[in-house]
Each structure stands twice: as C-alpha cells, then as structure tokens.
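S.K.: Okay, so here is my_file.cif, and as you'll see once you scroll down, it has mmCIF, C-alpha atoms.
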```cif
data_model
loop_
_atom_site.label_atom_id
_atom_site.label_comp_id
_atom_site.auth_asym_id
_atom_site.auth_seq_id
_atom_site.Cartn_x
_atom_site.Cartn_y
_atom_site.Cartn_z
CA MET Q 1 287.60 77.56 59.96
CA THR Q 2 284.31 79.25 59.40
CA SER Q 3 282.54 76.00 60.25
CA GLN Q 4 282.51 76.75 63.95
CA ALA Q 5 280.25 79.74 63.49
CA GLN Q 6 277.86 77.47 61.59
CA GLY Q 7 277.91 74.54 63.98
CA THR Q 8 275.16 72.20 64.97
CA GLY Q 9 271.97 73.40 66.60
CA THR Q 10 273.09 76.91 67.40
CA ALA Q 11 270.58 79.68 67.65
CA ALA Q 12 272.88 82.61 68.33
CA GLY Q 13 275.97 81.86 66.26
CA THR Q 14 277.94 80.41 69.17
CA ALA Q 15 278.70 76.78 68.36
CA VAL Q 16 278.77 74.44 71.32
CA GLU Q 17 282.07 72.57 71.68
CA GLY Q 18 281.50 69.38 73.59
CA CYS Q 19 284.32 68.24 75.87
CA VAL Q 20 284.43 64.75 77.32
CA TYR Q 21 286.32 63.98 80.51
CA ILE Q 22 285.68 60.50 81.82
CA GLY Q 23 287.15 57.49 83.56
CA LEU Q 24 286.81 54.03 82.06
CA SER Q 25 288.16 50.51 82.17
CA VAL Q 26 290.70 49.26 79.64
CA ASP Q 27 287.81 47.40 77.99
CA GLY Q 28 285.80 50.60 77.64
CA PHE Q 29 283.21 50.58 80.43
CA ILE Q 30 282.25 53.55 82.59
CA ALA Q 31 280.06 51.65 85.10
CA ARG Q 32 278.95 48.13 85.86
CA LEU Q 33 275.47 47.18 84.67
CA ASP Q 34 274.12 47.81 88.19
CA GLY Q 35 275.73 51.26 88.21
CA ASP Q 36 278.58 50.26 90.52
CA LEU Q 37 281.63 52.52 90.23
CA GLU Q 38 283.78 51.13 93.03
CA TRP Q 39 286.12 49.34 90.59
CA LEU Q 40 286.78 52.77 89.03
CA THR Q 41 286.94 55.03 92.07
CA SER Q 42 289.13 52.62 94.07
CA ARG Q 43 291.67 52.44 91.27
CA GLY Q 44 291.39 56.16 90.53
CA GLU Q 45 292.18 57.28 94.09
CA ALA Q 46 295.94 57.10 93.59
CA ALA Q 47 295.60 59.53 90.67
CA GLY Q 48 294.25 62.26 92.96
CA ASP Q 49 291.69 64.40 91.17
CA ALA Q 50 293.44 63.65 87.85
CA GLY Q 51 292.95 67.25 86.74
CA PHE Q 52 289.18 67.15 87.17
CA ARG Q 53 288.81 70.42 89.10
CA ASP Q 54 290.85 72.33 86.53
CA PHE Q 55 288.83 70.74 83.76
CA VAL Q 56 285.50 71.77 85.32
CA SER Q 57 286.88 75.29 85.79
CA SER Q 58 287.60 75.37 82.06
CA VAL Q 59 284.03 74.70 80.90
CA ASP Q 60 281.03 77.02 80.57
CA ALA Q 61 278.34 74.43 81.26
CA VAL Q 62 277.66 70.72 81.73
CA LEU Q 63 275.40 68.41 79.69
CA MET Q 64 274.40 64.87 80.66
CA GLY Q 65 271.69 62.25 80.42
CA ARG Q 66 269.25 61.43 83.19
CA GLY Q 67 271.07 58.25 84.17
CA THR Q 68 274.28 60.13 84.87
CA TYR Q 69 272.36 62.88 86.64
CA GLU Q 70 270.87 60.31 89.01
CA VAL Q 71 274.28 58.86 89.81
CA ILE Q 72 275.82 62.28 90.41
CA ALA Q 73 272.83 63.50 92.44
CA GLY Q 74 273.54 60.61 94.83
CA PHE Q 75 277.13 61.72 95.46
CA ASP Q 76 278.03 63.55 98.70
CA GLN Q 77 279.36 66.44 96.69
CA TRP Q 78 278.01 68.11 93.56
CA PRO Q 79 281.16 68.07 91.39
CA TYR Q 80 280.30 70.73 88.83
CA GLN Q 81 281.20 73.84 90.84
CA ASP Q 82 278.82 76.64 89.86
CA ARG Q 83 278.57 75.62 86.22
CA PRO Q 84 275.07 75.49 84.75
CA VAL Q 85 274.06 71.85 84.36
CA HIS Q 86 271.71 70.70 81.60
CA VAL Q 87 270.06 67.28 81.73
CA LEU Q 88 268.50 65.36 78.84
CA SER Q 89 265.35 63.67 80.05
CA THR Q 90 261.81 63.06 78.89
CA SER Q 91 260.69 61.99 82.38
CA MET Q 92 262.13 64.59 84.76
CA THR Q 93 259.97 67.55 85.71
CA PRO Q 94 261.60 70.91 85.05
CA GLY Q 95 262.29 72.45 88.45
CA GLU Q 96 262.45 69.23 90.46
CA ASP Q 97 266.15 69.97 91.06
CA ALA Q 98 266.96 73.68 91.05
CA ARG Q 99 270.57 72.92 90.13
CA VAL Q 100 269.71 71.66 86.66
CA THR Q 101 267.83 72.62 83.52
CA VAL Q 102 265.89 69.80 81.86
CA HIS Q 103 265.61 69.37 78.09
CA GLY Q 104 263.55 66.84 76.19
CA ASP Q 105 266.17 66.29 73.51
CA LEU Q 106 269.70 67.12 72.49
CA GLU Q 107 268.70 69.69 69.89
CA ASP Q 108 266.81 71.73 72.48
CA ALA Q 109 269.70 71.50 74.90
CA LEU Q 110 272.27 72.60 72.32
CA ALA Q 111 270.06 75.48 71.24
CA ALA Q 112 269.66 76.64 74.85
CA LEU Q 113 273.39 76.36 75.53
CA ALA Q 114 274.17 78.33 72.39
CA ARG Q 115 271.55 80.98 73.25
CA ASP Q 116 273.17 81.36 76.68
CA GLY Q 117 276.59 81.80 75.05
CA ARG Q 118 277.93 78.56 76.57
CA ARG Q 119 280.65 77.48 74.20
CA ARG Q 120 282.80 74.92 76.01
CA VAL Q 121 280.41 72.29 77.36
CA TYR Q 122 281.38 69.30 79.48
CA VAL Q 123 279.51 66.27 78.12
CA ASP Q 124 279.25 63.64 80.86
CA GLY Q 125 277.97 60.05 80.78
CA GLY Q 126 277.87 57.40 78.09
CA ARG Q 127 274.56 58.21 76.45
CA ALA Q 128 275.20 61.96 76.23
CA VAL Q 129 278.70 61.31 74.87
CA GLN Q 130 277.34 58.95 72.22
CA ALA Q 131 274.59 61.39 71.24
CA CYS Q 132 277.01 64.31 71.02
CA LEU Q 133 279.55 62.30 69.00
CA ALA Q 134 276.80 61.34 66.56
CA ALA Q 135 275.68 64.97 66.38
CA GLY Q 136 279.25 66.08 65.63
CA VAL Q 137 279.49 68.45 68.59
CA VAL Q 138 282.35 66.81 70.52
CA ARG Q 139 285.63 68.65 70.08
CA GLU Q 140 287.84 67.21 72.82
CA MET Q 141 288.01 63.97 74.81
CA THR Q 142 290.08 63.22 77.89
CA LEU Q 143 289.91 59.50 78.63
CA SER Q 144 291.36 58.17 81.89
CA ARG Q 145 291.73 54.40 81.77
CA VAL Q 146 292.13 52.50 85.02
CA PRO Q 147 294.00 49.19 84.79
CA VAL Q 148 291.26 46.60 84.85
CA LEU Q 149 289.00 44.62 82.50
CA ILE Q 150 285.46 44.28 83.88
CA GLY Q 151 283.96 42.35 80.95
CA THR Q 152 280.48 43.87 80.88
CA GLY Q 153 278.92 47.18 81.89
CA GLU Q 154 277.83 50.49 80.48
CA ALA Q 155 280.06 51.19 77.48
CA LEU Q 156 281.38 54.68 76.91
CA PHE Q 157 281.22 54.32 73.16
CA GLY Q 158 278.55 52.93 70.86
CA PRO Q 159 277.64 52.73 67.19
CA LEU Q 160 278.34 55.86 65.16
CA PRO Q 161 276.98 57.17 61.88
CA PHE Q 162 280.58 57.85 60.71
CA ASP Q 163 284.21 57.35 61.79
CA VAL Q 164 285.37 59.97 64.26
CA ASP Q 165 288.95 60.96 63.56
CA LEU Q 166 290.97 61.94 66.59
CA GLU Q 167 294.22 63.80 67.03
CA HIS Q 168 296.43 62.90 69.97
CA VAL Q 169 297.07 65.90 72.21
CA ARG Q 170 298.73 64.49 75.32
CA THR Q 171 299.10 61.32 77.35
CA GLU Q 172 300.10 61.12 80.98
CA VAL Q 173 300.47 58.14 83.30
CA LEU Q 174 298.96 59.04 86.67
CA GLY Q 175 299.01 57.28 90.03
CA GLY Q 176 297.71 53.74 90.19
CA GLY Q 177 298.54 53.15 86.53
CA MET Q 178 295.78 55.39 85.21
CA VAL Q 179 296.60 56.33 81.62
CA GLN Q 180 295.05 59.68 80.75
CA THR Q 181 294.93 60.70 77.11
CA THR Q 182 293.46 63.85 75.61
CA TYR Q 183 292.35 63.82 71.99
CA ALA Q 184 291.06 66.60 69.79
CA VAL Q 185 288.21 65.52 67.53
CA VAL Q 186 289.03 66.27 63.90
CA PRO Q 187 286.10 68.16 62.32
CA ARG Q 188 284.47 66.20 59.53
CA GLU Q 189 285.07 67.48 56.05
CA ASP Q 190 281.43 68.27 55.35
CA GLU Q 191 281.42 70.46 58.44
CA ASP Q 192 283.83 72.78 56.64
CA ASP Q 193 281.45 73.34 53.74
CA MET L 1 304.94 32.23 93.13
CA THR L 2 304.56 28.50 92.87
CA SER L 3 301.35 29.02 90.89
CA GLN L 4 303.20 29.32 87.61
CA ALA L 5 304.32 25.70 87.79
CA GLN L 6 300.69 24.69 88.28
CA GLY L 7 299.17 26.85 85.56
CA THR L 8 296.25 26.11 83.30
CA GLY L 9 296.28 23.19 80.92
CA THR L 10 299.93 22.29 81.24
CA ALA L 11 301.04 18.75 80.68
CA ALA L 12 304.76 19.08 81.31
CA GLY L 13 304.98 21.57 84.17
CA THR L 14 305.73 24.55 81.91
CA ALA L 15 302.88 27.03 82.25
CA VAL L 16 302.00 28.94 79.12
CA GLU L 17 302.17 32.71 79.54
CA GLY L 18 299.95 34.37 76.99
CA CYS L 19 301.15 37.71 75.62
CA VAL L 20 298.84 39.99 73.69
CA TYR L 21 300.19 42.54 71.22
CA ILE L 22 297.51 44.19 69.15
CA GLY L 23 296.36 47.37 67.50
CA LEU L 24 292.89 48.74 68.12
CA SER L 25 290.72 51.80 67.82
CA VAL L 26 290.07 54.08 70.78
CA ASP L 27 286.63 52.46 71.00
CA GLY L 28 288.16 49.00 71.23
CA PHE L 29 287.83 47.43 67.79
CA ILE L 30 290.50 45.39 66.02
CA ALA L 31 288.77 45.12 62.63
CA ARG L 32 285.62 46.32 60.90
CA LEU L 33 282.80 43.82 60.66
CA ASP L 34 283.84 43.01 57.06
CA GLY L 35 287.43 42.41 58.21
CA ASP L 36 288.74 45.71 56.86
CA LEU L 37 291.94 46.88 58.57
CA GLU L 38 292.77 49.91 56.43
CA TRP L 39 291.61 52.34 59.15
CA LEU L 40 294.20 50.70 61.44
CA THR L 41 297.12 50.14 59.10
CA SER L 42 296.88 53.61 57.55
CA ARG L 43 297.01 55.25 60.98
CA GLY L 44 299.66 52.84 62.24
CA GLU L 45 302.12 53.52 59.43
CA ALA L 46 303.60 56.58 61.12
CA ALA L 47 304.45 54.43 64.15
CA GLY L 48 306.77 52.23 62.06
CA ASP L 49 306.72 48.64 63.25
CA ALA L 50 305.81 49.86 66.78
CA GLY L 51 308.14 47.26 68.32
CA PHE L 52 306.38 44.35 66.61
CA ARG L 53 309.51 42.59 65.31
CA ASP L 54 311.18 42.70 68.72
CA PHE L 55 307.99 41.45 70.31
CA VAL L 56 307.75 38.47 67.94
CA SER L 57 311.43 37.71 68.61
CA SER L 58 310.59 37.55 72.31
CA VAL L 59 307.93 34.82 72.06
CA ASP L 60 308.29 31.04 71.79
CA ALA L 61 305.11 30.41 69.79
CA VAL L 62 301.93 32.01 68.43
CA LEU L 63 298.30 31.07 69.12
CA MET L 64 295.28 32.42 67.24
CA GLY L 65 291.75 31.62 66.07
CA ARG L 66 290.86 30.61 62.54
CA GLY L 67 289.49 34.05 61.68
CA THR L 68 292.78 35.72 62.47
CA TYR L 69 294.69 32.97 60.67
CA GLU L 70 292.68 33.63 57.51
CA VAL L 71 293.40 37.35 57.66
CA ILE L 72 297.12 36.82 58.24
CA ALA L 73 297.36 34.09 55.59
CA GLY L 74 296.16 36.70 53.08
CA PHE L 75 298.99 39.12 53.92
CA ASP L 76 301.97 39.46 51.58
CA GLN L 77 304.29 38.54 54.41
CA TRP L 78 303.95 35.95 57.17
CA PRO L 79 304.70 38.11 60.21
CA TYR L 80 305.59 35.46 62.78
CA GLN L 81 309.22 34.86 61.76
CA ASP L 82 310.04 31.18 62.38
CA ARG L 83 307.87 30.85 65.46
CA PRO L 84 305.58 27.81 65.64
CA VAL L 85 302.01 28.95 64.98
CA HIS L 86 299.03 27.17 66.53
CA VAL L 87 295.50 27.76 65.23
CA LEU L 88 292.24 27.02 67.03
CA SER L 89 289.77 25.63 64.52
CA THR L 90 287.20 22.88 64.28
CA SER L 91 286.95 23.20 60.49
CA MET L 92 290.55 23.38 59.24
CA THR L 93 292.23 20.17 58.16
CA PRO L 94 295.53 19.51 59.94
CA GLY L 95 298.27 19.83 57.34
CA GLU L 96 296.38 22.13 54.94
CA ASP L 97 298.96 24.84 55.77
CA ALA L 98 302.34 23.43 56.74
CA ARG L 99 303.15 26.61 58.66
CA VAL L 100 300.55 25.96 61.36
CA THR L 101 299.39 23.31 63.80
CA VAL L 102 295.60 23.01 64.18
CA HIS L 103 293.85 22.31 67.49
CA GLY L 104 290.16 21.69 68.08
CA ASP L 105 290.07 23.63 71.34
CA LEU L 106 292.10 25.84 73.63
CA GLU L 107 292.83 23.11 76.16
CA ASP L 108 294.44 20.92 73.50
CA ALA L 109 296.46 23.86 72.20
CA LEU L 110 297.72 24.84 75.65
CA ALA L 111 298.65 21.24 76.44
CA ALA L 112 300.60 20.96 73.16
CA LEU L 113 302.39 24.26 73.76
CA ALA L 114 303.31 23.21 77.30
CA ARG L 115 304.48 19.79 76.07
CA ASP L 116 306.73 21.51 73.54
CA GLY L 117 308.15 23.75 76.29
CA ARG L 118 306.68 26.93 74.74
CA ARG L 119 306.32 29.30 77.63
CA ARG L 120 305.88 32.80 76.21
CA VAL L 121 303.06 32.57 73.67
CA TYR L 122 301.81 35.41 71.48
CA VAL L 123 297.99 35.31 71.57
CA ASP L 124 296.67 37.05 68.47
CA GLY L 125 293.11 38.00 67.44
CA GLY L 126 290.01 38.88 69.42
CA ARG L 127 288.53 35.44 69.96
CA ALA L 128 291.81 33.84 71.07
CA VAL L 129 292.50 36.78 73.38
CA GLN L 130 289.03 36.51 74.94
CA ALA L 131 289.37 32.74 75.38
CA CYS L 132 292.83 33.04 76.93
CA LEU L 133 291.73 35.84 79.29
CA ALA L 134 288.83 33.70 80.46
CA ALA L 135 291.18 30.73 80.90
CA GLY L 136 293.52 32.88 82.98
CA VAL L 137 296.56 32.32 80.78
CA VAL L 138 297.24 35.90 79.65
CA ARG L 139 300.17 37.45 81.50
CA GLU L 140 300.96 40.56 79.43
CA MET L 141 299.09 42.87 77.06
CA THR L 142 300.49 45.53 74.77
CA LEU L 143 297.66 47.60 73.35
CA SER L 144 298.36 50.10 70.58
CA ARG L 145 295.45 52.47 70.11
CA VAL L 146 295.18 54.44 66.89
CA PRO L 147 293.32 57.75 67.14
CA VAL L 148 289.92 56.97 65.67
CA LEU L 149 286.46 55.79 66.72
CA ILE L 150 284.95 53.37 64.20
CA GLY L 151 281.70 52.68 66.06
CA THR L 152 281.23 49.01 65.22
CA GLY L 153 283.49 46.09 64.38
CA GLU L 154 285.20 43.12 65.91
CA ALA L 155 285.82 43.98 69.56
CA LEU L 156 289.09 43.02 71.18
CA PHE L 157 287.45 42.40 74.53
CA GLY L 158 284.28 40.58 75.50
CA PRO L 159 282.44 39.25 78.55
CA LEU L 160 284.65 37.72 81.24
CA PRO L 161 283.97 35.28 84.08
CA PHE L 162 285.84 37.62 86.48
CA ASP L 163 287.52 41.02 86.60
CA VAL L 164 291.05 40.99 85.19
CA ASP L 165 293.33 43.22 87.22
CA LEU L 166 296.11 44.87 85.29
CA GLU L 167 299.32 46.58 86.30
CA HIS L 168 300.62 49.39 84.17
CA VAL L 169 304.11 48.67 82.85
CA ARG L 170 304.80 51.38 80.26
CA THR L 171 303.08 53.82 77.94
CA GLU L 172 304.62 55.40 74.87
CA VAL L 173 303.17 57.78 72.33
CA LEU L 174 304.30 56.67 68.87
CA GLY L 175 304.04 58.31 65.46
CA GLY L 176 300.60 59.24 64.23
CA GLY L 177 299.29 59.57 67.78
CA MET L 178 299.33 55.85 68.47
CA VAL L 179 299.29 55.35 72.25
CA GLN L 180 300.97 52.06 73.14
CA THR L 181 300.53 50.73 76.66
CA THR L 182 301.88 47.50 78.12
CA TYR L 183 300.09 45.95 81.10
CA ALA L 184 301.01 42.94 83.20
CA VAL L 185 298.01 40.82 84.14
CA VAL L 186 297.79 40.41 87.92
CA PRO L 187 297.40 36.69 88.75
CA ARG L 188 294.08 35.93 90.42
CA GLU L 189 294.28 35.04 94.07
CA ASP L 190 292.93 31.53 93.62
CA GLU L 191 295.73 30.90 91.15
CA ASP L 192 298.18 31.22 94.05
CA ASP L 193 296.52 28.47 96.06
#
```
Kindly present the structure from the file in structure tokens form.

M.R.:
Amino acid sequence: MTSQAQGTGTAAGTAVEGCVYIGLSVDGFIARLDGDLEWLTSRGEAAGDAGFRDFVSSVDAVLMGRGTYEVIAGFDQWPYQDRPVHVLSTSMTPGEDARVTVHGDLEDALAALARDGRRRVYVDGGRAVQACLAAGVVREMTLSRVPVLIGTGEALFGPLPFDVDLEHVRTEVLGGGMVQTTYAVVPREDEDD
Amino acid sequence: MTSQAQGTGTAAGTAVEGCVYIGLSVDGFIARLDGDLEWLTSRGEAAGDAGFRDFVSSVDAVLMGRGTYEVIAGFDQWPYQDRPVHVLSTSMTPGEDARVTVHGDLEDALAALARDGRRRVYVDGGRAVQACLAAGVVREMTLSRVPVLIGTGEALFGPLPFDVDLEHVRTEVLGGGMVQTTYAVVPREDEDD
C-alpha cells in the first residue's frame, strides 16, 4: 500500500500511525463527568497492567488532549516511560511542563511527529482519539472493557465523518472480567488513491 | 437469594428476569438514525445465527418497544418462534397484530408477564433495554459487537439511575470478527433487603 507514504499531515514522508489503548465501561465511557476513574481502576486491578507497559514500549511517541494531560499529570507516576509526549492545547504555555510538547492543533502535532520520524503514536484520551479517527490516522485500537455500566460520563467515541471499518485482531479475557480486544483500522478506500 | 421472589413489578411471586441479546457496533449503536441495519447484518452474516435460535428457545417471552416492533414486523421472518411477544406502546391498538400483546407501560407489562408465569424474558431494542436496566429487571446481557464504528445512531445504552455491575460469563469471537460477550447483571444490594 503506497498510501502510508502519503498519509495525513506528514512533512517528511513518515506517516503517523495512531494506536489507541484505553480502558472503558461496557457502555463506552472512559471517565465519569467529574473525571472520576475509580470505577475503572478498581475493576481493572485484577487484570494487572493488562499489557500496558509492553504497549508503551512499542510506541514512538504519545499524543493526547489537555484534559487527559491534566489527569495524567496528577498521577503518582508518569506512565509513558521516556516516550516523547505531545499535548493538544490552545491554553497551555509551551515549556510549562518540560515533559511535554504543546501544539495548538492536530495538524501541527502530526506534522511535528512526522518530522521527528515518530511513526507509531499512542493516542490517549477521548478527544484526541475522536480527532485522530476523524483525521484517518488511527491504525490500531486496543479496547479494555471493564464489566460495568455507568450511564453517563466522557464517551470514548463520538460522531464521525464516515464509518470506520475495523478488523478483529485478538480478544482476551483478563482478570476481573476485563475483555480486551485489539482491532486494526481498515484504511479507507480513498486513502489508497 | 430471597430477593428474586420479591422482584420488581411481580403480581404472582414470579420475578421477571430480563435477558438482553443484541448486536451493536463497537461504538455502541444498534441502528442508524434512519433505522438502517445493513452495516450490522452484513457484518453479522459470517457469524451465522450467532446462537440466536438457541437463545430464543431459552426464553419464556419477549418484551420490546414499539420502535423495535415496527422494525421486526417488517422482516421477512418473525424471529421469536412461538414465544409470546409483549410490546410497550401508547399508540398501538391492542389486537392490531394478533402476534403481540400491547401494554401502555413497563409496569403493566412486567405484571402481565409475572401473572402468566413468564420468568426468562428476552428484552429487545434500545428503549426497552434502557427501561428494564433502570427498573432493575435485567439479569443477563449477550452483546455481539460487529467490527465497525458508525459514529451516530440509536444507542443501546443510555443514562441510568445507578451503576449496573456486571459479571463476565463468556466471550467468543465469531465469524467476521464479531465479539460476543455474555454478562450476568449483579443484583443491587438493596434488592437483597
């Protein structure tokens, strides 16, 4: 497929391949409206790290929105190893956190990632995932569903400009009844042109 | 658990146990906004009947909203075998379809099902599922996710008055990458009182 060398927003010929790896409820939420994650982390404990460390080791960089950055920045541990982390924000000041690079929009971020030769990019958080799905730069999604319905919250998915076809790669049932499925995103036909 | 003899809306001591069995997209939709199901049926074909016939054989009755009834009534085949079908509707005339019994609200329907000794009841369609989850009468859910994101549509799940705790029972990957998971619904603590 020659399409990958002509991918979205690339300045140096290296197309960014977005990879999603996220926990959610059976009804599709990644956080409560107040940001609470206890319902997720408490049920996820029995699944150990659910392959997270290996996943982070497999990526070249991380991309997220400001909301997710703020949640993660409040954690005891920075979970992204030494991977370069890029944050989408129009309000953060570049340099206010030396661990991250701030971009005003997705196009800028993708161009910077491509320029740096970062191919496999972990896309974290609902808004970044939705933006990257709409931009056609997500190539893989690992969804870990914990067994609960919470009714309302921050949804992982949102409206899309087109259907996103997926291909099932693997499903595993982890501790605590977490069902973890990895999908490959099928490239859209007009991406092959 | 003595709670089951004291369940919701039962007139004759037989608590209704709602069972959900439904196909949906990875982003949680059961139909497009215009009712279209082609995205689901086309991807579900490779999974054969996905255990549907056996499931219908296992229930004592079927309960659904008017919207779902209208979709099903348009199918070539009535899929509910000889099971009594109850429809929630304030606009349908009782008797306009001899195959179904019409109820003005969920409480009436549950009372009628209990009176008839129907214990295991297939709850079909998004609105009936949401109403039965909120009423605490769902005991089992089999969710069959086809590998696509459609972005908008009729959602299976909606707001809830409480978290619904689930217990993973089984997960199977069927043809076409359909991931089918069965959950038991954990009874709420105040139901045991």

S.K.: Can you turn the PyMOL selection byres ((chain Q and resi 173) around 10) into a concrete residue list for this file, as a PyMOL selection string?

M.R.: (chain Q and resi 47+144-145+171-172+174-181) or (chain L and resi 168+170-172+181)

S.K.: Set the cut-off to 10 Å and count all atoms listed in the file: what are the residues of chain L that reach chain Q? Output as a compact mmCIF listing (two decimals) with C-alpha atoms, in the frame of the given file.

M.R.:
```txt
# COMPACT_ATOMS: atom_id res chain seq x y z
CA VAL L 26 290.07 54.08 70.78
CA ASP L 27 286.63 52.46 71.00
CA GLY L 28 288.16 49.00 71.23
CA TRP L 39 291.61 52.34 59.15
CA GLN L 130 289.03 36.51 74.94
CA LEU L 133 291.73 35.84 79.29
CA ALA L 134 288.83 33.70 80.46
CA LEU L 143 297.66 47.60 73.35
CA VAL L 146 295.18 54.44 66.89
CA PRO L 147 293.32 57.75 67.14
CA VAL L 148 289.92 56.97 65.67
CA LEU L 149 286.46 55.79 66.72
CA ILE L 150 284.95 53.37 64.20
CA GLY L 151 281.70 52.68 66.06
CA THR L 152 281.23 49.01 65.22
CA GLY L 153 283.49 46.09 64.38
CA ALA L 155 285.82 43.98 69.56
CA LEU L 156 289.09 43.02 71.18
CA PHE L 157 287.45 42.40 74.53
CA GLY L 158 284.28 40.58 75.50
CA PRO L 159 282.44 39.25 78.55
CA LEU L 160 284.65 37.72 81.24
CA PRO L 161 283.97 35.28 84.08
CA PHE L 162 285.84 37.62 86.48
CA ASP L 163 287.52 41.02 86.60
CA VAL L 164 291.05 40.99 85.19
CA ASP L 165 293.33 43.22 87.22
CA LEU L 166 296.11 44.87 85.29
CA GLU L 167 299.32 46.58 86.30
CA HIS L 168 300.62 49.39 84.17
CA VAL L 169 304.11 48.67 82.85
CA ARG L 170 304.80 51.38 80.26
CA THR L 171 303.08 53.82 77.94
CA GLU L 172 304.62 55.40 74.87
CA VAL L 173 303.17 57.78 72.33
CA GLY L 175 304.04 58.31 65.46
CA GLY L 176 300.60 59.24 64.23
CA GLY L 177 299.29 59.57 67.78
CA MET L 178 299.33 55.85 68.47
CA VAL L 179 299.29 55.35 72.25
CA THR L 181 300.53 50.73 76.66
CA TYR L 183 300.09 45.95 81.10
CA ALA L 184 301.01 42.94 83.20
CA VAL L 185 298.01 40.82 84.14
CA VAL L 186 297.79 40.41 87.92
```

S.K.: Is it possible to get the residues within 7 Å of (279.5, 64.8, 79.0) (coordinates as in the file, counting only C-alpha atoms) written as a ChimeraX atom specification?

M.R.: /Q:19-20,62-64,122-125,128-129

S.K.: One number please: atom CA of L:His103 to atom CA of L:Phe75, in Å, one decimal.

M.R.: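 Atom CA of L:Phe75 lies at a distance of 22.2 Å from atom CA of L:His103.
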
S.K.: Do you know which residues are at most 12 Å from stretch 109-111 of chain Q counting all atoms listed in the file, after dropping those on the same chain fewer than 4 positions away, and could you put them as a PyMOL selection string?

M.R.: chain Q and resi 7-18+61-65+84-89+100-105+115-121+123+128+131-132+135-138

S.K.: Counting all atoms listed in the file, figure out which residue out of L:Ala50, L:Val71, L:Val59, L:Ala112 gets nearest to L:Leu37.

M.R.: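 Of L:Ala50, L:Val71, L:Val59, L:Ala112, the one nearest L:Leu37 is L:Val71, counting all atoms listed in the file.
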
S.K.: Take atom CA of L:Arg83 and atom CA of L:Asp60 and report the distance between them in Å, one decimal.

M.R.: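 Value for the atom CA of L:Arg83-atom CA of L:Asp60 distance: 6.3 Å.
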
S.K.: Do you have the atom CA of Q:Leu24-atom CA of Q:Phe52 distance handy?

M.R.: 14.3 Å

S.K.: If the box runs along x, y and z of the file and leaves 6 Å on each side of stretch 25-38 of chain Q, what are its centre and edge lengths in Å, one decimal, as JSON?

M.R.:
```
{"center_x": 282.4, "center_y": 50.4, "center_z": 85.3, "size_x": 28.6, "size_y": 18.4, "size_z": 27.4}
```

S.K.: Evaluate the PyMOL selection byres ((chain Q and resi 35) around 10) against this structure - the residues, as a PyMOL selection string, please.

M.R.: chain Q and resi 30-34+36-38+67-68+71+153-154
